[in-house]
$ cat target_39.pdb   # PDB, C-alpha atoms
ATOM      1  CA  MET A   1       0.000   0.000   0.000  1.00  0.00           C
ATOM      2  CA  SER A   2       1.206   3.518  -0.703  1.00  0.00           C
ATOM      3  CA  ILE A   3      -0.089   6.753   0.726  1.00  0.00           C
ATOM      4  CA  SER A   4       0.231  10.077  -1.052  1.00  0.00           C
ATOM      5  CA  ILE A   5      -0.442  13.321   0.763  1.00  0.00           C
ATOM      6  CA  GLY A   6      -1.232  16.181  -1.602  1.00  0.00           C
ATOM      7  CA  GLN A   7      -0.834  19.915  -1.117  1.00  0.00           C
ATOM      8  CA  ASP A   8      -4.075  19.956   0.832  1.00  0.00           C
ATOM      9  CA  SER A   9      -3.386  18.144   4.108  1.00  0.00           C
ATOM     10  CA  ARG A  10      -7.093  17.431   4.471  1.00  0.00           C
ATOM     11  CA  GLU A  11      -6.951  14.881   1.665  1.00  0.00           C
ATOM     12  CA  ARG A  12      -5.146  11.635   1.210  1.00  0.00           C
ATOM     13  CA  LYS A  13      -5.197   8.959  -1.463  1.00  0.00           C
ATOM     14  CA  ILE A  14      -5.116   5.353  -0.413  1.00  0.00           C
ATOM     15  CA  TRP A  15      -4.311   2.489  -2.749  1.00  0.00           C
ATOM     16  CA  CYS A  16      -5.523  -0.947  -1.677  1.00  0.00           C
ATOM     17  CA  GLY A  17      -4.499  -3.338  -4.406  1.00  0.00           C
ATOM     18  CA  LYS A  18      -6.134  -1.924  -7.539  1.00  0.00           C
ATOM     19  CA  ARG A  19      -8.729   0.123  -5.700  1.00  0.00           C
ATOM     20  CA  THR A  20      -8.214   3.835  -5.194  1.00  0.00           C
ATOM     21  CA  THR A  21     -10.255   5.939  -2.801  1.00  0.00           C
ATOM     22  CA  LEU A  22     -10.023   9.544  -1.746  1.00  0.00           C
ATOM     23  CA  GLU A  23     -10.665  10.286   1.893  1.00  0.00           C
ATOM     24  CA  LYS A  24     -11.253  13.864   2.998  1.00  0.00           C
ATOM     25  CA  THR A  25     -11.181  15.745   6.285  1.00  0.00           C
ATOM     26  CA  ILE A  26      -9.775  12.890   8.349  1.00  0.00           C
ATOM     27  CA  ASP A  27      -6.999  13.156  10.894  1.00  0.00           C
ATOM     28  CA  ILE A  28      -3.932  11.344   9.462  1.00  0.00           C
ATOM     29  CA  SER A  29      -1.945  11.332  12.713  1.00  0.00           C
ATOM     30  CA  TRP A  30      -2.588   7.621  13.176  1.00  0.00           C
ATOM     31  CA  ILE A  31      -0.361   6.946  10.141  1.00  0.00           C
ATOM     32  CA  THR A  32       2.711   8.614  11.625  1.00  0.00           C
ATOM     33  CA  HIS A  33       2.162   8.170  15.344  1.00  0.00           C
ATOM     34  CA  GLY A  34       0.664   4.686  15.343  1.00  0.00           C
ATOM     35  CA  SER A  35      -2.405   5.557  17.399  1.00  0.00           C
ATOM     36  CA  MET A  36      -4.329   2.976  15.400  1.00  0.00           C
ATOM     37  CA  LEU A  37      -2.055   0.165  16.474  1.00  0.00           C
ATOM     38  CA  ASN A  38      -3.716  -2.519  18.534  1.00  0.00           C
ATOM     39  CA  GLY A  39      -1.364  -5.145  19.899  1.00  0.00           C
ATOM     40  CA  VAL A  40       2.250  -5.457  18.814  1.00  0.00           C
ATOM     41  CA  ALA A  41       1.787  -5.739  15.051  1.00  0.00           C
ATOM     42  CA  ARG A  42       2.026  -2.586  12.902  1.00  0.00           C
ATOM     43  CA  ARG A  43      -0.578  -3.220  10.290  1.00  0.00           C
ATOM     44  CA  SER A  44      -2.386  -1.074   7.811  1.00  0.00           C
ATOM     45  CA  PHE A  45      -6.112  -1.161   8.432  1.00  0.00           C
ATOM     46  CA  CYS A  46      -6.762  -0.720   4.738  1.00  0.00           C
ATOM     47  CA  THR A  47      -4.424  -3.515   3.617  1.00  0.00           C
ATOM     48  CA  ALA A  48      -5.524  -5.961   6.314  1.00  0.00           C
ATOM     49  CA  ALA A  49      -9.212  -5.333   5.722  1.00  0.00           C
ATOM     50  CA  ALA A  50      -8.755  -5.794   1.980  1.00  0.00           C
ATOM     51  CA  SER A  51      -7.037  -9.163   2.407  1.00  0.00           C
ATOM     52  CA  GLY A  52      -9.055 -10.461   5.357  1.00  0.00           C
ATOM     53  CA  PRO A  53     -12.617 -10.373   6.663  1.00  0.00           C
ATOM     54  CA  LEU A  54     -14.823  -7.361   6.033  1.00  0.00           C
ATOM     55  CA  PRO A  55     -14.711  -4.810   8.855  1.00  0.00           C
ATOM     56  CA  TRP A  56     -17.577  -4.524  11.302  1.00  0.00           C
ATOM     57  CA  LEU A  57     -19.029  -1.078  11.880  1.00  0.00           C
ATOM     58  CA  PHE A  58     -20.066  -0.538  15.508  1.00  0.00           C
ATOM     59  CA  VAL A  59     -22.269   2.553  15.968  1.00  0.00           C
ATOM     60  CA  GLY A  60     -23.062   3.848  19.450  1.00  0.00           C
ATOM     61  CA  LEU A  61     -26.068   6.176  19.641  1.00  0.00           C
ATOM     62  CA  GLY A  62     -26.215   9.147  21.983  1.00  0.00           C
ATOM     63  CA  ASN A  63     -26.090  12.906  22.327  1.00  0.00           C
ATOM     64  CA  PRO A  64     -22.811  14.869  22.328  1.00  0.00           C
ATOM     65  CA  GLY A  65     -21.750  17.259  25.071  1.00  0.00           C
ATOM     66  CA  GLU A  66     -21.217  17.231  28.825  1.00  0.00           C
ATOM     67  CA  LYS A  67     -24.895  17.972  29.410  1.00  0.00           C
ATOM     68  CA  PHE A  68     -25.862  14.499  28.213  1.00  0.00           C
ATOM     69  CA  LYS A  69     -22.925  12.522  29.536  1.00  0.00           C
ATOM     70  CA  GLY A  70     -24.077   9.743  31.864  1.00  0.00           C
ATOM     71  CA  THR A  71     -27.735   9.941  30.846  1.00  0.00           C
ATOM     72  CA  ARG A  72     -29.804   6.882  29.983  1.00  0.00           C
ATOM     73  CA  HIS A  73     -30.022   7.907  26.337  1.00  0.00           C
ATOM     74  CA  ASN A  74     -26.220   7.828  26.050  1.00  0.00           C
ATOM     75  CA  VAL A  75     -25.502   4.210  26.925  1.00  0.00           C
ATOM     76  CA  GLY A  76     -24.701   3.560  23.255  1.00  0.00           C
ATOM     77  CA  PHE A  77     -21.833   6.050  23.532  1.00  0.00           C
ATOM     78  CA  GLU A  78     -20.741   4.413  26.785  1.00  0.00           C
ATOM     79  CA  MET A  79     -20.675   0.982  25.136  1.00  0.00           C
ATOM     80  CA  ILE A  80     -18.363   2.320  22.417  1.00  0.00           C
ATOM     81  CA  ASP A  81     -16.106   3.902  25.052  1.00  0.00           C
ATOM     82  CA  VAL A  82     -15.846   0.757  27.170  1.00  0.00           C
ATOM     83  CA  PHE A  83     -15.199  -1.478  24.166  1.00  0.00           C
ATOM     84  CA  ALA A  84     -12.662   0.922  22.647  1.00  0.00           C
ATOM     85  CA  GLU A  85     -10.743   1.251  25.909  1.00  0.00           C
ATOM     86  CA  SER A  86     -10.705  -2.509  26.448  1.00  0.00           C
ATOM     87  CA  GLN A  87      -9.203  -3.060  22.975  1.00  0.00           C
ATOM     88  CA  GLY A  88      -6.859  -0.075  22.900  1.00  0.00           C
ATOM     89  CA  ILE A  89      -8.607   1.625  19.977  1.00  0.00           C
ATOM     90  CA  PRO A  90      -8.761   5.434  20.207  1.00  0.00           C
ATOM     91  CA  VAL A  91     -12.042   7.000  19.113  1.00  0.00           C
ATOM     92  CA  ASP A  92     -10.842  10.558  18.701  1.00  0.00           C
ATOM     93  CA  THR A  93     -10.915  11.398  14.991  1.00  0.00           C
ATOM     94  CA  ALA A  94     -13.609  13.857  13.882  1.00  0.00           C
ATOM     95  CA  ASN A  95     -15.045  12.580  10.611  1.00  0.00           C
ATOM     96  CA  PHE A  96     -18.399  11.614   9.066  1.00  0.00           C
ATOM     97  CA  LYS A  97     -20.112  13.934  11.611  1.00  0.00           C
ATOM     98  CA  ALA A  98     -18.871  11.562  14.287  1.00  0.00           C
ATOM     99  CA  LEU A  99     -16.071  10.680  16.634  1.00  0.00           C
ATOM    100  CA  PHE A 100     -14.450   7.837  14.792  1.00  0.00           C
ATOM    101  CA  GLY A 101     -11.834   5.145  15.355  1.00  0.00           C
ATOM    102  CA  GLN A 102     -10.580   2.053  13.612  1.00  0.00           C
ATOM    103  CA  GLY A 103      -8.410  -0.836  14.686  1.00  0.00           C
ATOM    104  CA  PHE A 104      -8.202  -4.576  15.188  1.00  0.00           C
ATOM    105  CA  VAL A 105      -9.512  -7.055  17.713  1.00  0.00           C
ATOM    106  CA  SER A 106      -7.142  -9.981  17.244  1.00  0.00           C
ATOM    107  CA  ASP A 107      -7.177 -10.168  13.425  1.00  0.00           C
ATOM    108  CA  TYR A 108     -10.657  -8.718  12.978  1.00  0.00           C
ATOM    109  CA  PRO A 109     -10.936  -5.137  11.656  1.00  0.00           C
ATOM    110  CA  VAL A 110     -13.489  -2.929  13.346  1.00  0.00           C
ATOM    111  CA  LEU A 111     -14.763   0.640  12.874  1.00  0.00           C
ATOM    112  CA  LEU A 112     -16.089   2.448  15.946  1.00  0.00           C
ATOM    113  CA  THR A 113     -18.214   5.569  15.748  1.00  0.00           C
ATOM    114  CA  LYS A 114     -20.208   7.914  17.960  1.00  0.00           C
ATOM    115  CA  PRO A 115     -22.385  10.208  15.801  1.00  0.00           C
ATOM    116  CA  GLN A 116     -22.186  13.841  16.944  1.00  0.00           C
ATOM    117  CA  THR A 117     -25.372  14.893  15.160  1.00  0.00           C
ATOM    118  CA  TYR A 118     -27.571  14.459  18.253  1.00  0.00           C
ATOM    119  CA  MET A 119     -29.644  11.352  18.648  1.00  0.00           C
ATOM    120  CA  ASN A 120     -32.504  12.155  16.281  1.00  0.00           C
ATOM    121  CA  LEU A 121     -30.136  12.664  13.322  1.00  0.00           C
ATOM    122  CA  SER A 122     -27.799   9.714  13.955  1.00  0.00           C
ATOM    123  CA  GLY A 123     -28.353   8.322  10.468  1.00  0.00           C
ATOM    124  CA  GLU A 124     -26.700  11.383   8.905  1.00  0.00           C
ATOM    125  CA  SER A 125     -23.439   9.972  10.222  1.00  0.00           C
ATOM    126  CA  SER A 126     -23.840   6.187  10.188  1.00  0.00           C
ATOM    127  CA  GLY A 127     -25.324   6.020   6.682  1.00  0.00           C
ATOM    128  CA  PRO A 128     -22.363   7.728   4.961  1.00  0.00           C
ATOM    129  CA  ILE A 129     -19.809   5.684   6.921  1.00  0.00           C
ATOM    130  CA  ALA A 130     -21.330   2.378   5.817  1.00  0.00           C
ATOM    131  CA  ALA A 131     -21.548   3.669   2.243  1.00  0.00           C
ATOM    132  CA  TYR A 132     -17.974   4.965   2.196  1.00  0.00           C
ATOM    133  CA  TYR A 133     -16.532   1.640   3.349  1.00  0.00           C
ATOM    134  CA  LYS A 134     -18.935  -0.277   1.088  1.00  0.00           C
ATOM    135  CA  LEU A 135     -20.189  -2.355   4.007  1.00  0.00           C
ATOM    136  CA  PRO A 136     -23.287  -4.527   3.715  1.00  0.00           C
ATOM    137  CA  LEU A 137     -25.776  -3.904   6.511  1.00  0.00           C
ATOM    138  CA  THR A 138     -25.003  -7.386   7.807  1.00  0.00           C
ATOM    139  CA  ARG A 139     -21.715  -5.829   8.983  1.00  0.00           C
ATOM    140  CA  VAL A 140     -23.339  -2.975  10.911  1.00  0.00           C
ATOM    141  CA  LEU A 141     -24.151  -3.229  14.625  1.00  0.00           C
ATOM    142  CA  VAL A 142     -25.907  -0.341  16.373  1.00  0.00           C
ATOM    143  CA  PHE A 143     -25.813   0.102  20.183  1.00  0.00           C
ATOM    144  CA  HIS A 144     -28.798   1.872  21.746  1.00  0.00           C
ATOM    145  CA  ASP A 145     -30.776   2.327  24.948  1.00  0.00           C
ATOM    146  CA  ASP A 146     -33.917   0.231  25.343  1.00  0.00           C
ATOM    147  CA  MET A 147     -36.738   0.847  27.825  1.00  0.00           C
ATOM    148  CA  ASP A 148     -38.238  -2.596  27.154  1.00  0.00           C
ATOM    149  CA  LEU A 149     -35.342  -4.345  28.886  1.00  0.00           C
ATOM    150  CA  PRO A 150     -34.520  -4.104  32.617  1.00  0.00           C
ATOM    151  CA  CYS A 151     -31.645  -1.835  33.514  1.00  0.00           C
ATOM    152  CA  GLY A 152     -28.329  -3.538  32.756  1.00  0.00           C
ATOM    153  CA  VAL A 153     -29.759  -6.354  30.645  1.00  0.00           C
ATOM    154  CA  LEU A 154     -28.457  -6.514  27.068  1.00  0.00           C
ATOM    155  CA  ARG A 155     -29.725  -8.287  23.983  1.00  0.00           C
ATOM    156  CA  LEU A 156     -28.143  -8.946  20.580  1.00  0.00           C
ATOM    157  CA  GLN A 157     -30.685  -8.807  17.776  1.00  0.00           C
ATOM    158  CA  PRO A 158     -29.956  -9.444  14.079  1.00  0.00           C
ATOM    159  CA  LYS A 159     -32.564  -6.981  12.768  1.00  0.00           C
ATOM    160  CA  GLY A 160     -35.818  -5.278  13.681  1.00  0.00           C
ATOM    161  CA  GLY A 161     -37.825  -2.086  13.737  1.00  0.00           C
ATOM    162  CA  HIS A 162     -37.151   1.185  15.500  1.00  0.00           C
ATOM    163  CA  TRP A 163     -39.387   0.575  18.563  1.00  0.00           C
ATOM    164  CA  ARG A 164     -40.194   4.307  18.684  1.00  0.00           C
ATOM    165  CA  HIS A 165     -36.511   5.083  19.158  1.00  0.00           C
ATOM    166  CA  ASN A 166     -35.733   8.247  17.199  1.00  0.00           C
ATOM    167  CA  GLY A 167     -32.066   7.420  16.761  1.00  0.00           C
ATOM    168  CA  LEU A 168     -32.942   4.085  15.175  1.00  0.00           C
ATOM    169  CA  LYS A 169     -35.566   5.792  13.032  1.00  0.00           C
ATOM    170  CA  SER A 170     -32.889   8.073  11.610  1.00  0.00           C
ATOM    171  CA  VAL A 171     -30.455   5.208  11.001  1.00  0.00           C
ATOM    172  CA  ILE A 172     -33.128   3.208   9.169  1.00  0.00           C
ATOM    173  CA  HIS A 173     -34.057   6.260   7.095  1.00  0.00           C
ATOM    174  CA  HIS A 174     -30.452   6.783   5.984  1.00  0.00           C
ATOM    175  CA  PHE A 175     -30.145   3.093   5.185  1.00  0.00           C
ATOM    176  CA  ARG A 176     -32.978   3.741   2.705  1.00  0.00           C
ATOM    177  CA  GLY A 177     -35.552   2.048   4.884  1.00  0.00           C
ATOM    178  CA  ASN A 178     -33.538  -1.145   5.242  1.00  0.00           C
ATOM    179  CA  ARG A 179     -33.785  -2.659   8.715  1.00  0.00           C
ATOM    180  CA  GLU A 180     -31.453  -5.601   8.102  1.00  0.00           C
ATOM    181  CA  PHE A 181     -28.741  -4.431  10.495  1.00  0.00           C
ATOM    182  CA  ALA A 182     -27.929  -5.803  13.933  1.00  0.00           C
ATOM    183  CA  ARG A 183     -28.531  -4.063  17.247  1.00  0.00           C
ATOM    184  CA  LEU A 184     -27.122  -4.364  20.724  1.00  0.00           C
ATOM    185  CA  ARG A 185     -30.044  -3.347  22.904  1.00  0.00           C
ATOM    186  CA  ILE A 186     -28.963  -1.976  26.279  1.00  0.00           C
ATOM    187  CA  GLY A 187     -31.703  -2.060  28.890  1.00  0.00           C
ATOM    188  CA  ILE A 188     -32.386   1.089  30.892  1.00  0.00           C
ATOM    189  CA  GLY A 189     -35.739   0.044  32.412  1.00  0.00           C
ATOM    190  CA  ARG A 190     -39.098   1.770  32.311  1.00  0.00           C
ATOM    191  CA  PRO A 191     -39.852   5.266  33.669  1.00  0.00           C
ATOM    192  CA  PRO A 192     -41.555   5.221  37.060  1.00  0.00           C
ATOM    193  CA  GLY A 193     -45.255   5.983  37.347  1.00  0.00           C
ATOM    194  CA  GLN A 194     -46.515   8.464  34.775  1.00  0.00           C
ATOM    195  CA  MET A 195     -43.137   9.999  34.068  1.00  0.00           C
ATOM    196  CA  ASP A 196     -42.625  11.209  30.498  1.00  0.00           C
ATOM    197  CA  PRO A 197     -40.276   8.767  28.716  1.00  0.00           C
ATOM    198  CA  LYS A 198     -38.548  11.693  26.993  1.00  0.00           C
ATOM    199  CA  ALA A 199     -37.613  13.151  30.366  1.00  0.00           C
ATOM    200  CA  PHE A 200     -36.645   9.724  31.721  1.00  0.00           C
ATOM    201  CA  VAL A 201     -34.057   8.967  29.033  1.00  0.00           C
ATOM    202  CA  LEU A 202     -32.371  12.341  29.554  1.00  0.00           C
ATOM    203  CA  GLN A 203     -31.869  11.742  33.272  1.00  0.00           C
ATOM    204  CA  LYS A 204     -28.709  10.294  34.763  1.00  0.00           C
ATOM    205  CA  PHE A 205     -28.693   6.897  36.458  1.00  0.00           C
ATOM    206  CA  ASN A 206     -28.864   6.575  40.229  1.00  0.00           C
ATOM    207  CA  ALA A 207     -26.022   4.683  41.907  1.00  0.00           C
ATOM    208  CA  THR A 208     -27.715   1.278  41.826  1.00  0.00           C
ATOM    209  CA  ALA A 209     -28.720   1.581  38.195  1.00  0.00           C
ATOM    210  CA  GLN A 210     -25.269   2.825  37.215  1.00  0.00           C
ATOM    211  CA  ASP A 211     -23.697  -0.255  38.805  1.00  0.00           C
ATOM    212  CA  ARG A 212     -25.986  -2.458  36.724  1.00  0.00           C
ATOM    213  CA  ILE A 213     -25.126  -0.556  33.554  1.00  0.00           C
ATOM    214  CA  ASN A 214     -21.401  -0.777  34.276  1.00  0.00           C
ATOM    215  CA  SER A 215     -21.653  -4.541  34.722  1.00  0.00           C
ATOM    216  CA  GLY A 216     -23.777  -4.838  31.592  1.00  0.00           C
ATOM    217  CA  LEU A 217     -21.291  -2.911  29.477  1.00  0.00           C
ATOM    218  CA  ILE A 218     -18.464  -5.205  30.560  1.00  0.00           C
ATOM    219  CA  GLU A 219     -20.612  -8.159  29.518  1.00  0.00           C
ATOM    220  CA  GLY A 220     -21.272  -6.319  26.266  1.00  0.00           C
ATOM    221  CA  VAL A 221     -17.546  -6.252  25.480  1.00  0.00           C
ATOM    222  CA  ASP A 222     -17.475 -10.042  25.632  1.00  0.00           C
ATOM    223  CA  ALA A 223     -20.535 -10.206  23.387  1.00  0.00           C
ATOM    224  CA  LEU A 224     -18.927  -7.948  20.784  1.00  0.00           C
ATOM    225  CA  LYS A 225     -15.726  -9.985  20.768  1.00  0.00           C
ATOM    226  CA  LEU A 226     -17.885 -13.050  20.149  1.00  0.00           C
ATOM    227  CA  VAL A 227     -19.573 -11.290  17.224  1.00  0.00           C
ATOM    228  CA  LEU A 228     -16.187 -10.635  15.674  1.00  0.00           C
ATOM    229  CA  SER A 229     -14.792 -14.120  16.206  1.00  0.00           C
ATOM    230  CA  LYS A 230     -17.873 -16.371  15.903  1.00  0.00           C
ATOM    231  CA  GLY A 231     -20.344 -14.310  13.898  1.00  0.00           C
ATOM    232  CA  LEU A 232     -23.586 -12.674  14.927  1.00  0.00           C
ATOM    233  CA  THR A 233     -25.790 -15.775  15.008  1.00  0.00           C
ATOM    234  CA  GLU A 234     -23.579 -17.788  17.342  1.00  0.00           C
ATOM    235  CA  ALA A 235     -22.758 -14.757  19.481  1.00  0.00           C
ATOM    236  CA  ALA A 236     -26.449 -13.935  19.904  1.00  0.00           C
ATOM    237  CA  ARG A 237     -27.282 -17.549  20.802  1.00  0.00           C
ATOM    238  CA  ARG A 238     -24.696 -17.654  23.567  1.00  0.00           C
ATOM    239  CA  PHE A 239     -25.035 -14.123  24.878  1.00  0.00           C
ATOM    240  CA  ASN A 240     -28.818 -13.881  24.827  1.00  0.00           C
ATOM    241  CA  THR A 241     -29.131 -17.132  26.775  1.00  0.00           C
ATOM    242  CA  GLU A 242     -26.960 -15.687  29.532  1.00  0.00           C
ATOM    243  CA  GLN A 243     -28.860 -12.399  29.505  1.00  0.00           C
ATOM    244  CA  LYS A 244     -32.222 -14.188  29.626  1.00  0.00           C
ATOM    245  CA  TYR A 245     -31.457 -15.501  33.106  1.00  0.00           C
ATOM    246  CA  LYS A 246     -30.174 -12.114  34.175  1.00  0.00           C
ATOM    247  CA  HIS A 247     -33.431 -10.638  32.878  1.00  0.00           C
ATOM    248  CA  LEU A 248     -35.442 -13.020  35.026  1.00  0.00           C
ATOM    249  CA  ARG A 249     -33.468 -11.998  38.104  1.00  0.00           C
ATOM    250  CA  LEU A 250     -33.887  -8.277  37.513  1.00  0.00           C
ATOM    251  CA  GLN A 251     -37.315  -7.864  35.905  1.00  0.00           C
ATOM    252  CA  ASP A 252     -39.085  -7.183  39.217  1.00  0.00           C
ATOM    253  CA  MET A 253     -36.432  -4.830  40.521  1.00  0.00           C
ATOM    254  CA  SER A 254     -36.842  -1.065  40.209  1.00  0.00           C
ATOM    255  CA  THR A 255     -34.509   0.960  37.997  1.00  0.00           C
TER     256      THR A 255
END
$ encode --input "target_39.pdb" --output "structure tokens"
Amino acid sequence: MSISIGQDSRERKIWCGKRTTLEKTIDISWITHGSMLNGVARRSFCTAAASGPLPWLFVGLGNPGEKFKGTRHNVGFEMIDVFAESQGIPVDTANFKALFGQGFVSDYPVLLTKPQTYMNLSGESSGPIAAYYKLPLTRVLVFHDDMDLPCGVLRLQPKGGHWRHNGLKSVIHHFRGNREFARLRIGIGRPPGQMDPKAFVLQKFNATAQDRINSGLIEGVDALKLVLSKGLTEAARRFNTEQKYKHLRLQDMST
């Protein structure tokens, strides 16, 4: 692979075999400083992905800014952060209207992204990323909060609707109505009493609920590693069985 930087430092040309692409407005510091390196091997993401399995695109949904940090609606962002930290993949490049990172988990290439468009416009970021990397939707996995699961319970699902989740609605819209992408549903529980769900998802977790979320996100890392190594179907079979019993233990507990 050769890389040519033109007069405009915002552009670079990347040759992968016979394919040429032009990538704009992306931080190229990972090329010279090695911030993309995961493990001891210095590998080119482009070259490795071209010769090996297709990358997975992991998209965490949430709202940007300190105001929303730690809120129920931002557990998708938190899942990206926990996974990225566990695998040594920085998610600090501003591109595709998102915070973006790419690296390897063992030999499996993965793209990590946190759309910065605000939740209701998440598809404006995730749609172009999938298109740019020419990824089929079977290689896209979206992390999002889910009020239909108890707090801290997670579920891998190969496809589905939007379940009145505005972030998912936007993603589906920018995938041209196609719903054939996987989701990692992260349970946040139901709002108490007659509380408005919109207000509920923008609140922060109490201490007990945060402990459950923290434990769930650690379990989510294992699930995502299974997706990469065993495929979605086998990962979902194993992980969802474990989470089913956790669900039964927690379903009568308050959030």
$ residues_around --input "target_39.pdb" --residues "Leu228 (chain A)" --least-positions-apart "2" --cutoff "12 Å" --atoms "only C-alpha atoms" --output "PyMOL selection string"
chain A and resi 53-58+104-111+139-141+221-226+230-236
$ atom_distance --input "target_39.pdb" --atom1 "CA of His144 (chain A)" --atom2 "CA of Thr71 (chain A)"
12.2 Å
$ resolve_selection --input "target_39.pdb" --expression "the PyMOL selection byres ((chain A and resi 194-199) around 12)" --output "MDAnalysis selection string"
chainID A and resid 71:73 146:148 164:166 188:193 200:204
$ closest_residue --input "target_39.pdb" --among "A:Val153, A:Leu137, A:Val171, A:Ala207" --to "Gly123 (chain A)" --atoms "only C-alpha atoms"
A:Val171
$ residues_near_point --input "target_39.pdb" --point "(-23.2, 6.0, 27.2)" --cutoff "10 Å" --atoms "all atoms listed in the file" --output "NGL selection string"
:A and (60-63 or 68-82 or 114 or 143-145 or 186 or 213-214 or 217)
$ atom_distance --input "target_39.pdb" --atom1 "CA of Ile218 (chain A)" --atom2 "CA of Gly152 (chain A)"
10.2 Å
$ atom_distance --input "target_39.pdb" --atom1 "CA of Tyr245 (chain A)" --atom2 "CA of Val227 (chain A)"
20.3 Å
$ closest_residue --input "target_39.pdb" --among "A:Pro150, A:Phe181, A:Lys97, A:Arg176" --to "Thr138 (chain A)" --atoms "only C-alpha atoms"
A:Phe181
$ resolve_selection --input "target_39.pdb" --expression "the PyMOL selection byres ((chain A and resi 179) around 7)" --output "PyMOL selection string"
chain A and resi 159-161+172+177-178+180-181
$ write_last_selection --input "target_39.pdb" --atoms "C-alpha atoms" --output "PDB file, in the frame of the given file"
ATOM      1  CA  LYS A 159     -32.564  -6.981  12.768  1.00  0.00           C
ATOM      2  CA  GLY A 160     -35.818  -5.278  13.681  1.00  0.00           C
ATOM      3  CA  GLY A 161     -37.825  -2.086  13.737  1.00  0.00           C
ATOM      4  CA  ILE A 172     -33.128   3.208   9.169  1.00  0.00           C
ATOM      5  CA  GLY A 177     -35.552   2.048   4.884  1.00  0.00           C
ATOM      6  CA  ASN A 178     -33.538  -1.145   5.242  1.00  0.00           C
ATOM      7  CA  GLU A 180     -31.453  -5.601   8.102  1.00  0.00           C
ATOM      8  CA  PHE A 181     -28.741  -4.431  10.495  1.00  0.00           C
TER       9      PHE A 181
END
$ axis_aligned_box --input "target_39.pdb" --around "region 189-193 of chain A" --padding-each-side "3 Å" --output "lines of an AutoDock Vina configuration file"
center_x = -40.5
center_y = 3.0
center_z = 34.8
size_x = 15.5
size_y = 11.9
size_z = 11.0
$ closest_residue --input "target_39.pdb" --among "A:Ile89, A:Ala182, A:Cys151, A:Leu248" --to "Leu168 (chain A)" --atoms "only C-alpha atoms"
A:Ala182
$ resolve_selection --input "target_39.pdb" --expression "the PyMOL selection byres ((chain A and resi 120) around 7)" --output "PyMOL selection string"
chain A and resi 118-119+121-122+166-167+170
$ decode --input "target_39.pdb" --residues "region 179-204 of chain A" --atoms "C-alpha atoms" --output "PDB file, in the first residue's frame"
ATOM      1  CA  ARG A 179     -33.785  -2.659   8.715  1.00  0.00           C
ATOM      2  CA  GLU A 180     -31.453  -5.601   8.102  1.00  0.00           C
ATOM      3  CA  PHE A 181     -28.741  -4.431  10.495  1.00  0.00           C
ATOM      4  CA  ALA A 182     -27.929  -5.803  13.933  1.00  0.00           C
ATOM      5  CA  ARG A 183     -28.531  -4.063  17.247  1.00  0.00           C
ATOM      6  CA  LEU A 184     -27.122  -4.364  20.724  1.00  0.00           C
ATOM      7  CA  ARG A 185     -30.044  -3.347  22.904  1.00  0.00           C
ATOM      8  CA  ILE A 186     -28.963  -1.976  26.279  1.00  0.00           C
ATOM      9  CA  GLY A 187     -31.703  -2.060  28.890  1.00  0.00           C
ATOM     10  CA  ILE A 188     -32.386   1.089  30.892  1.00  0.00           C
ATOM     11  CA  GLY A 189     -35.739   0.044  32.412  1.00  0.00           C
ATOM     12  CA  ARG A 190     -39.098   1.770  32.311  1.00  0.00           C
ATOM     13  CA  PRO A 191     -39.852   5.266  33.669  1.00  0.00           C
ATOM     14  CA  PRO A 192     -41.555   5.221  37.060  1.00  0.00           C
ATOM     15  CA  GLY A 193     -45.255   5.983  37.347  1.00  0.00           C
ATOM     16  CA  GLN A 194     -46.515   8.464  34.775  1.00  0.00           C
ATOM     17  CA  MET A 195     -43.137   9.999  34.068  1.00  0.00           C
ATOM     18  CA  ASP A 196     -42.625  11.209  30.498  1.00  0.00           C
ATOM     19  CA  PRO A 197     -40.276   8.767  28.716  1.00  0.00           C
ATOM     20  CA  LYS A 198     -38.548  11.693  26.993  1.00  0.00           C
ATOM     21  CA  ALA A 199     -37.613  13.151  30.366  1.00  0.00           C
ATOM     22  CA  PHE A 200     -36.645   9.724  31.721  1.00  0.00           C
ATOM     23  CA  VAL A 201     -34.057   8.967  29.033  1.00  0.00           C
ATOM     24  CA  LEU A 202     -32.371  12.341  29.554  1.00  0.00           C
ATOM     25  CA  GLN A 203     -31.869  11.742  33.272  1.00  0.00           C
ATOM     26  CA  LYS A 204     -28.709  10.294  34.763  1.00  0.00           C
TER      27      LYS A 204
END
